[in-house]
Amino acid sequence: MKTKYWNISKMTKREQQVSIIEASQLLQQGEIVAFPTETVYGLGANATNEQAVQKIFHAKGRPQDNPLIVHVADALQMENLVRYWPAYVDKLLAAYTPGPITFVLPSNDVCSAAVTAGLNTVGVRIPSHPVAHQLLSACQLPIAAPSANISGRPSPTSAQHVWHDLSDKIAGILDGGATGVGLESTVIDCTQDIPVILRPGGITKEQIEKVAGAVMVDPGLAVKNENEQPKSPGMKYRHYSPEVPLWIVPGASENLQSMIYRLQMEGKRVGVMGKDGTVEKLQVEEIIKLGNTMEQVAANLYDALRTFKLGEVDIILCESFPEQGIGQAVMNRLTKAASRIIAL
């Protein structure tokens with residue numbers, strides 16, 4: 001399959017409109033198209049078309065029991081996919097949508113069974129990226145869209161990442177530039193009286209508490225049960241893995257440097273990523289600076305994981321981060337990507 005590529009940022013407004021219409025028509029015809037959101041690039045298909053949704057699983061190599069998140073243009077479209085939602089969802093919708101938050105709600109079975117992985121719930125969100133919004137408005141469909149990458153690889157934060165993984169496997173890619181948040185949306189189970197965080201993301205636990213009051217965190221975030229069907233993407237399977245083994249090293253830069261020396265003595269070529277102030281102090285073959293703030297770390301994480309290539313380094317070391325605010329989401333992704341977590 002030849003993949004159509006629309007570079008939105010280099011087009012006139014009229015050309016952008018034509019490209020959006022072309023992409024929306026492909027979705028209406030049952031094809032799959034990658035598009036930018038404010039979190040990562042998504043691989044979209046008509047959520048009500050079983051055959052179209054199956055193309056997502058085939059292109060990504062995604063396990064069938066891993067549910068998909070459905071993207072809609074507004075709360076009215078979301079309402080058309082679910083049976084009901086509790087009052088606190090209205091407050092969260094008003095405060096944080098459009099934006100990086102997904103609501104898991106009782107499904108009314110409008111979406112394909114492949115989208116929900118046979119569960120009686122469906123995850124729905126309203127993305128804030130202008131290209132995503134234009135696409136959803138143009139096609140007038142609920143669009144199932146996991147991250148647009150080969151399953152298990154770091155999620156794509158640029159159209160070039162998508163092209164590397166999926167060119168000639170999908171119908172089209174809308175290039176809307178680099179994403180903003182850089183980590184997938186926060187997923188919250190809203191089927192109970194108190195919301196439960198199933199996956200941390202761009203909207204933090206503290207932000208949800210300000211609006212909804214009490215918030216719980218699913219224990220599955222800390223303890224994996226391989227026999228249990230996941231209620232949300234990112235709960236069961238290993239994700240975000242780079243080509244090179246990734247080790248997480250807690251503590252200060254001195255701990256990283258000690259580990260670097262040890263690995264170099266074994267003949268290993270070492271790459272390190274972390275906050276600018278940490279990695280600038282290190283003597284090592286290759287470093288990638290993730291920024292000075294946790295928001296910058298989140299935005300740059302997946303690109304950094306993709307930058308280290310097999311053959312250039314043998315091991316990637318990354319400092320650990322405080323699990324506060326968006327740091328919880330960063331550590332959730334790093335832990336799932338890591339092949340080893342060093343205990344000091």
# chains A, B, ... in the order shown; residues from 1 in each chain; ligands from 1
$ residues_around --residues "segment 298-313 of chain A" --least-positions-apart "5" --cutoff "7 Å" --atoms "only C-alpha atoms" --output "list in words"
Pro154, Ser155, Pro156, Thr157, Gly180, Val181, Gly182, Leu183, Pro242, Glu243, Val244, Arg269, Val270, Gly271, Ile288, Leu290 and Val330 of chain A
$ closest_residue --among "A:Gln28, A:Cys190, A:Ala45, A:Asp218" --to "Val82 of chain A" --atoms "only C-alpha atoms"
A:Cys190
$ residues_around --residues "segment 263-268 of chain A" --least-positions-apart "2" --cutoff "9 Å" --atoms "only C-alpha atoms" --output "ChimeraX atom specification"
/A:258-261,270,284,313-315
$ closest_atom_pairs --of "segment 121-226 of chain A" --to "segment 3-14 of chain A" --cutoff "8 Å" --atoms "only C-alpha atoms" --output "tab-separated table"
residue	atom	partner	partner_atom	distance
A:Ser167	CA	A:Thr3	CA	5.9
A:Asp168	CA	A:Thr3	CA	5.1
A:Lys169	CA	A:Thr3	CA	7.2
A:Ile170	CA	A:Thr3	CA	5.8
A:Ala171	CA	A:Thr3	CA	4.9
A:Gly172	CA	A:Lys4	CA	4.3
A:Ile173	CA	A:Tyr5	CA	5.0
A:Leu174	CA	A:Trp6	CA	5.0
A:Asp175	CA	A:Asn7	CA	4.8
A:Gly176	CA	A:Ile8	CA	5.6
A:Gly177	CA	A:Ser9	CA	6.9
$ select_by_dssp --residues "segment 91-275 of chain A" --states "strand (DSSP E or B)" --output "NGL selection string"
:A and (101-107 or 121-125 or 143-144 or 147 or 172-175 or 186-189 or 196-199 or 216-217 or 246-249 or 270-274)
$ closest_residue --among "A:Leu135, A:Leu81, A:Val89, A:Leu282" --to "Ala23 of chain A" --atoms "only C-alpha atoms"
A:Leu135
$ residues_around --residues "Pro98 of chain A" --least-positions-apart "2" --cutoff "6 Å" --atoms "only C-alpha atoms" --output "PyMOL selection string"
chain A and resi 126-128
$ closest_atom_pairs --of "segment 122-233 of chain A" --to "segment 62-71 of chain A" --cutoff "12 Å" --atoms "only C-alpha atoms" --output "JSON lines"
{"residue": "A:Val122", "atom": "CA", "partner": "A:Ile69", "partner_atom": "CA", "distance": 7.3}
{"residue": "A:Gly123", "atom": "CA", "partner": "A:Ile69", "partner_atom": "CA", "distance": 4.9}
{"residue": "A:Val124", "atom": "CA", "partner": "A:Val70", "partner_atom": "CA", "distance": 4.7}
{"residue": "A:Arg125", "atom": "CA", "partner": "A:His71", "partner_atom": "CA", "distance": 5.1}
{"residue": "A:Ile126", "atom": "CA", "partner": "A:His71", "partner_atom": "CA", "distance": 5.7}
{"residue": "A:Pro127", "atom": "CA", "partner": "A:His71", "partner_atom": "CA", "distance": 6.8}
{"residue": "A:Ser128", "atom": "CA", "partner": "A:His71", "partner_atom": "CA", "distance": 10.5}
{"residue": "A:His129", "atom": "CA", "partner": "A:His71", "partner_atom": "CA", "distance": 11.5}
{"residue": "A:Ala132", "atom": "CA", "partner": "A:His71", "partner_atom": "CA", "distance": 8.8}
{"residue": "A:His133", "atom": "CA", "partner": "A:His71", "partner_atom": "CA", "distance": 9.3}
{"residue": "A:Leu135", "atom": "CA", "partner": "A:His71", "partner_atom": "CA", "distance": 10.4}
{"residue": "A:Leu136", "atom": "CA", "partner": "A:His71", "partner_atom": "CA", "distance": 7.7}
{"residue": "A:Ser137", "atom": "CA", "partner": "A:His71", "partner_atom": "CA", "distance": 10.9}
{"residue": "A:Cys139", "atom": "CA", "partner": "A:His71", "partner_atom": "CA", "distance": 11.7}
{"residue": "A:Gln140", "atom": "CA", "partner": "A:His71", "partner_atom": "CA", "distance": 10.9}
{"residue": "A:Leu141", "atom": "CA", "partner": "A:His71", "partner_atom": "CA", "distance": 8.8}
{"residue": "A:Pro142", "atom": "CA", "partner": "A:His71", "partner_atom": "CA", "distance": 5.9}
{"residue": "A:Ile143", "atom": "CA", "partner": "A:His71", "partner_atom": "CA", "distance": 5.0}
{"residue": "A:Ala144", "atom": "CA", "partner": "A:Val70", "partner_atom": "CA", "distance": 4.1}
{"residue": "A:Ala145", "atom": "CA", "partner": "A:Ile69", "partner_atom": "CA", "distance": 5.9}
{"residue": "A:Pro146", "atom": "CA", "partner": "A:Leu68", "partner_atom": "CA", "distance": 5.8}
{"residue": "A:Ser147", "atom": "CA", "partner": "A:Leu68", "partner_atom": "CA", "distance": 9.5}
{"residue": "A:Ala148", "atom": "CA", "partner": "A:Arg62", "partner_atom": "CA", "distance": 11.0}
{"residue": "A:Asn149", "atom": "CA", "partner": "A:Arg62", "partner_atom": "CA", "distance": 9.8}
{"residue": "A:Ile150", "atom": "CA", "partner": "A:Arg62", "partner_atom": "CA", "distance": 7.8}
{"residue": "A:Ser151", "atom": "CA", "partner": "A:Arg62", "partner_atom": "CA", "distance": 5.4}
{"residue": "A:Gly152", "atom": "CA", "partner": "A:Arg62", "partner_atom": "CA", "distance": 8.4}
{"residue": "A:Arg153", "atom": "CA", "partner": "A:Arg62", "partner_atom": "CA", "distance": 11.0}
{"residue": "A:Glu184", "atom": "CA", "partner": "A:Ile69", "partner_atom": "CA", "distance": 10.7}
{"residue": "A:Ser185", "atom": "CA", "partner": "A:Ile69", "partner_atom": "CA", "distance": 9.7}
{"residue": "A:Thr186", "atom": "CA", "partner": "A:Ile69", "partner_atom": "CA", "distance": 11.2}
{"residue": "A:Val187", "atom": "CA", "partner": "A:Ile69", "partner_atom": "CA", "distance": 9.3}
{"residue": "A:Ile188", "atom": "CA", "partner": "A:Ile69", "partner_atom": "CA", "distance": 11.7}
{"residue": "A:Glu226", "atom": "CA", "partner": "A:Asp65", "partner_atom": "CA", "distance": 11.6}
{"residue": "A:Asn227", "atom": "CA", "partner": "A:Asp65", "partner_atom": "CA", "distance": 11.0}
{"residue": "A:Glu228", "atom": "CA", "partner": "A:Asp65", "partner_atom": "CA", "distance": 9.8}
{"residue": "A:Gln229", "atom": "CA", "partner": "A:Asp65", "partner_atom": "CA", "distance": 6.5}
{"residue": "A:Pro230", "atom": "CA", "partner": "A:Asn66", "partner_atom": "CA", "distance": 6.4}
{"residue": "A:Lys231", "atom": "CA", "partner": "A:Pro67", "partner_atom": "CA", "distance": 7.1}
{"residue": "A:Ser232", "atom": "CA", "partner": "A:Pro67", "partner_atom": "CA", "distance": 6.2}
{"residue": "A:Pro233", "atom": "CA", "partner": "A:Asn66", "partner_atom": "CA", "distance": 6.0}
$ closest_residue --among "A:Gln328, A:Gln134, A:Asn292, A:Thr278" --to "Phe35 of chain A" --atoms "only C-alpha atoms"
A:Gln134
$ select_by_dssp --residues "segment 8-117 of chain A" --states "alpha helix (DSSP H)" --output "number ranges by chain"
A: 13-28, 50-60, 75-79, 87-96, 113-116
$ write_last_selection --atoms "N, CA and C atoms" --output "compact mmCIF listing (two decimals), in the first residue's frame"
# COMPACT_ATOMS: atom_id res chain seq x y z
N LYS A 13 -3.87 27.59 3.57
CA LYS A 13 -5.08 27.23 4.31
C LYS A 13 -6.03 26.41 3.43
N ARG A 14 -6.13 26.78 2.16
CA ARG A 14 -7.00 26.04 1.23
C ARG A 14 -6.47 24.63 1.02
N GLU A 15 -5.16 24.49 0.86
CA GLU A 15 -4.57 23.17 0.67
C GLU A 15 -4.75 22.31 1.92
N GLN A 16 -4.66 22.92 3.08
CA GLN A 16 -4.89 22.19 4.33
C GLN A 16 -6.32 21.64 4.38
N GLN A 17 -7.27 22.46 4.00
CA GLN A 17 -8.68 22.04 4.01
C GLN A 17 -8.89 20.85 3.07
N VAL A 18 -8.28 20.92 1.89
CA VAL A 18 -8.40 19.82 0.91
C VAL A 18 -7.78 18.55 1.48
N SER A 19 -6.63 18.67 2.14
CA SER A 19 -5.95 17.51 2.72
C SER A 19 -6.79 16.87 3.82
N ILE A 20 -7.38 17.71 4.66
CA ILE A 20 -8.25 17.20 5.73
C ILE A 20 -9.43 16.44 5.14
N ILE A 21 -10.01 16.99 4.10
CA ILE A 21 -11.15 16.32 3.45
C ILE A 21 -10.72 14.99 2.84
N GLU A 22 -9.55 14.96 2.19
CA GLU A 22 -9.05 13.71 1.61
C GLU A 22 -8.85 12.65 2.70
N ALA A 23 -8.24 13.06 3.81
CA ALA A 23 -8.01 12.12 4.91
C ALA A 23 -9.33 11.64 5.50
N SER A 24 -10.29 12.55 5.65
CA SER A 24 -11.59 12.16 6.21
C SER A 24 -12.33 11.20 5.29
N GLN A 25 -12.19 11.39 3.98
CA GLN A 25 -12.83 10.48 3.03
C GLN A 25 -12.22 9.08 3.11
N LEU A 26 -10.92 9.00 3.31
CA LEU A 26 -10.29 7.69 3.49
C LEU A 26 -10.84 6.99 4.73
N LEU A 27 -11.02 7.74 5.81
CA LEU A 27 -11.60 7.16 7.02
C LEU A 27 -13.03 6.70 6.78
N GLN A 28 -13.80 7.49 6.05
CA GLN A 28 -15.18 7.11 5.74
C GLN A 28 -15.24 5.86 4.86
N GLU A 50 -16.03 -2.61 11.93
CA GLU A 50 -15.19 -3.69 12.46
C GLU A 50 -13.99 -3.97 11.55
N GLN A 51 -14.20 -4.01 10.26
CA GLN A 51 -13.10 -4.31 9.34
C GLN A 51 -12.04 -3.21 9.36
N ALA A 52 -12.48 -1.96 9.45
CA ALA A 52 -11.54 -0.85 9.51
C ALA A 52 -10.71 -0.92 10.78
N VAL A 53 -11.35 -1.22 11.90
CA VAL A 53 -10.65 -1.30 13.18
C VAL A 53 -9.63 -2.43 13.16
N GLN A 54 -9.98 -3.53 12.52
CA GLN A 54 -9.04 -4.65 12.45
C GLN A 54 -7.76 -4.28 11.69
N LYS A 55 -7.87 -3.31 10.77
CA LYS A 55 -6.68 -2.86 10.06
C LYS A 55 -5.68 -2.21 11.00
N ILE A 56 -6.18 -1.56 12.05
CA ILE A 56 -5.29 -0.97 13.06
C ILE A 56 -4.48 -2.07 13.74
N PHE A 57 -5.16 -3.10 14.19
CA PHE A 57 -4.48 -4.20 14.89
C PHE A 57 -3.45 -4.87 13.98
N HIS A 58 -3.80 -5.02 12.71
CA HIS A 58 -2.90 -5.67 11.76
C HIS A 58 -1.66 -4.80 11.52
N ALA A 59 -1.86 -3.50 11.28
CA ALA A 59 -0.73 -2.61 10.99
C ALA A 59 0.22 -2.48 12.16
N LYS A 60 -0.32 -2.42 13.36
CA LYS A 60 0.49 -2.22 14.56
C LYS A 60 1.05 -3.52 15.13
N ALA A 75 -18.50 16.83 23.08
CA ALA A 75 -19.20 16.04 24.10
C ALA A 75 -20.47 15.39 23.56
N LEU A 76 -21.10 16.01 22.57
CA LEU A 76 -22.31 15.43 21.98
C LEU A 76 -21.98 14.11 21.29
N GLN A 77 -20.87 14.09 20.52
CA GLN A 77 -20.46 12.84 19.88
C GLN A 77 -20.10 11.79 20.94
N MET A 78 -19.50 12.22 22.03
CA MET A 78 -19.17 11.29 23.10
C MET A 78 -20.44 10.70 23.71
N GLU A 79 -21.43 11.54 23.90
CA GLU A 79 -22.70 11.10 24.48
C GLU A 79 -23.35 10.03 23.61
N ALA A 87 -22.06 12.75 37.36
CA ALA A 87 -22.03 14.21 37.31
C ALA A 87 -20.61 14.76 37.28
N TYR A 88 -19.65 14.06 37.93
CA TYR A 88 -18.30 14.61 37.96
C TYR A 88 -17.66 14.64 36.57
N VAL A 89 -18.15 13.82 35.65
CA VAL A 89 -17.62 13.84 34.28
C VAL A 89 -17.93 15.19 33.62
N ASP A 90 -19.12 15.75 33.89
CA ASP A 90 -19.45 17.06 33.34
C ASP A 90 -18.45 18.11 33.81
N LYS A 91 -18.05 18.03 35.06
CA LYS A 91 -17.08 18.98 35.60
C LYS A 91 -15.71 18.81 34.93
N LEU A 92 -15.31 17.56 34.74
CA LEU A 92 -14.01 17.29 34.10
C LEU A 92 -14.03 17.69 32.63
N LEU A 93 -15.16 17.46 31.97
CA LEU A 93 -15.28 17.88 30.57
C LEU A 93 -15.13 19.40 30.45
N ALA A 94 -15.79 20.12 31.36
CA ALA A 94 -15.73 21.58 31.32
C ALA A 94 -14.33 22.10 31.61
N ALA A 95 -13.62 21.41 32.51
CA ALA A 95 -12.30 21.89 32.94
C ALA A 95 -11.17 21.50 32.00
N TYR A 96 -11.23 20.29 31.43
CA TYR A 96 -10.04 19.74 30.78
C TYR A 96 -10.23 19.25 29.34
N ALA A 113 -16.88 -4.16 18.52
CA ALA A 113 -16.42 -4.97 19.65
C ALA A 113 -14.91 -5.01 19.73
N ALA A 114 -14.23 -4.85 18.58
CA ALA A 114 -12.77 -4.84 18.58
C ALA A 114 -12.24 -3.61 19.29
N VAL A 115 -12.98 -2.51 19.26
CA VAL A 115 -12.58 -1.28 19.94
C VAL A 115 -12.58 -1.49 21.45
N THR A 116 -13.61 -2.11 21.96
CA THR A 116 -13.76 -2.29 23.40
C THR A 116 -13.11 -3.57 23.90
$ atom_distance --atom1 "atom CA of Leu43 of chain A" --atom2 "atom CA of Gln29 of chain A"
15.1 Å
